[in-house]
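Worksheet: the structure to be examined is printed underneath.
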Amino acid sequence: MGERQLQSKLKILFLDDHTGIRDGTGFLLSERNKNFVFFYAASASEGADILSKEKGISIAIIDLKLEDGDGLTALREFRKINPELAAIVFTMYADPIHIETALKLGVQGYITKNAEIEELESAILSVASGGNHYNKAASKIMQLLISGERARNESEKLSYMNYKSLTKSEQEVFALLAEKKEPEEIASILGKKVKTVINQRAIIHQKLYIHDRLDLIEFAKKVGVLF
């Protein structure tokens, strides 16, 4: 277990507006490593307030999408308070748009929420020791950025723009549809009504100019939501 690699307490800000995911993940990490000390925030403003009052926070775990904005904008504000703050993105999004934006901002870690708790713990320990930890999708995008080989044809750019037009809620539904989940299961996972999911599926099809599940899966692969 990574606990032996830390000589003192590690203060971590955990910013995520999904309270159950945030608190549950923090609890599991704290159980695995007693040197992890978490401070929880549901909004960018709450996170900034914690950073201003609590000295010694060295890492922020940040979700990309928040009810009051986005996590990367919050990170920019956090680094005005603490310029040395390291950041690990912890999100459900694994598409090139989000990954590229996060990497260009200089995050030290990028982990998706379907990862095992051990991987997030490893990411924290790597970042705490001055290293980086990127999941497979982020590592792939980083290599493309370094080599300058990122595809930029008109069809791909149009797909990215259409994907970006989806709201946070629609992107969540899109990702689960791409995993071949049915509306009833998606509704249960996201805490929505089945009718709401069905309506959002129709909107997604309209915005992305797709007609069926096969189209949706192919689109998800094209923008990097599926690999």
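Each chain of the structure tokens is named A, B, ... in the order shown, its residues numbered from 1; ligands are numbered from 1 in display order.
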
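Taking region 19-104 of chain A and asking which residues DSSP calls strand (DSSP E or B) on the backbone, you get A:Phe36, A:Val37, A:Phe38, A:Phe39, A:Tyr40, A:Ala41, A:Ile57, A:Ser58, A:Ile59, A:Ala60, A:Ile61, A:Ile62, A:Lys65, A:Leu66, A:Gly69, A:Asp70, A:Ala86, A:Ala87, A:Ile88, A:Val89, A:Phe90, A:Thr91.
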
Separation of CA of Ile61 (chain A) from CA of Lys104 (chain A), in Å and rounded to one decimal:
16.8 Å

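Nearest to Ala48 (chain A) of all the residues A:Lys80, A:Glu67, A:Glu31, A:Ile198 is A:Lys80, based on only C-alpha atoms.
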
Which of region 2-219 of chain A DSSP labels alpha helix (DSSP H), written as an NGL selection string
:A and (19-32 or 44-53 or 71-81 or 96-105 or 117-128 or 136-147 or 154-164 or 168-178 or 183-190 or 194-208 or 213-219)

Contact table region 48-69 of chain A vs region 119-128 of chain A, cut-off 12 Å, shortest pair per residue, only C-alpha atoms, as CSV:
```
residue,atom,partner,partner_atom,distance
A:Ile57,CA,A:Ala128,CA,10.9
A:Ser58,CA,A:Ala128,CA,7.8
A:Ile59,CA,A:Ala128,CA,7.4
A:Ala60,CA,A:Ile124,CA,9.5
A:Ile61,CA,A:Ile124,CA,8.7
```

Convert the current residue selection to file output with N, CA and C atoms, as a PDB file, in the first residue's frame.
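As a result, result13.pdb now contains:
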```pdb
ATOM      1  N   ILE A  57      -2.399  22.717   1.625  1.00  0.00           N
ATOM      2  CA  ILE A  57      -3.007  21.849   0.616  1.00  0.00           C
ATOM      3  C   ILE A  57      -2.111  21.867  -0.612  1.00  0.00           C
ATOM      4  N   SER A  58      -1.653  20.694  -1.028  1.00  0.00           N
ATOM      5  CA  SER A  58      -0.692  20.636  -2.136  1.00  0.00           C
ATOM      6  C   SER A  58      -1.259  20.032  -3.416  1.00  0.00           C
ATOM      7  N   ILE A  59      -2.384  19.322  -3.296  1.00  0.00           N
ATOM      8  CA  ILE A  59      -2.982  18.675  -4.474  1.00  0.00           C
ATOM      9  C   ILE A  59      -4.477  18.962  -4.494  1.00  0.00           C
ATOM     10  N   ALA A  60      -4.998  19.193  -5.687  1.00  0.00           N
ATOM     11  CA  ALA A  60      -6.442  19.313  -5.874  1.00  0.00           C
ATOM     12  C   ALA A  60      -6.905  18.228  -6.834  1.00  0.00           C
ATOM     13  N   ILE A  61      -7.907  17.473  -6.426  1.00  0.00           N
ATOM     14  CA  ILE A  61      -8.572  16.522  -7.315  1.00  0.00           C
ATOM     15  C   ILE A  61      -9.820  17.226  -7.830  1.00  0.00           C
TER      16      ILE A  61
END
```

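The neighbours of region 38-41 of chain A here are the residues that come within 6 Å of it, using only C-alpha atoms and leaving out any residue fewer than 2 positions away in the same chain; they are Ile12, Leu13, Phe14, Leu15, Ser43, Glu46 and Gly47 of chain A.
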
Restricting the calculation to only C-alpha atoms: of A:Ala74, A:Ala220, A:Leu10, A:Ile21, which residue gets closest to Tyr160 (chain A)?
A:Ala220

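Here the question is which of A:Lys193, A:Lys65, A:Lys136, A:Lys55 gets nearest to Ser169 (chain A) using only C-alpha atoms, and that residue is A:Lys65.
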
Long-range neighbours of Asp16 (chain A) as a VMD selection string, 6 Å cut-off, only C-alpha atoms, 4 positions minimum in chain:
chain A and resid 22 42 63

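For the pair CA of Tyr163 (chain A) and CA of His133 (chain A), the interatomic distance is 26.2 Å.
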
Smallest atom-to-atom distance to Tyr209 (chain A): which of A:Ala187, A:Ala87, A:Val173, A:Leu158, using only C-alpha atoms?
A:Leu158

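Considering the residues A:Glu118, A:Glu172, A:Glu77, A:Asp215 and counting only C-alpha atoms, Ser45 (chain A) has its shortest atom-to-atom contact with A:Glu77.
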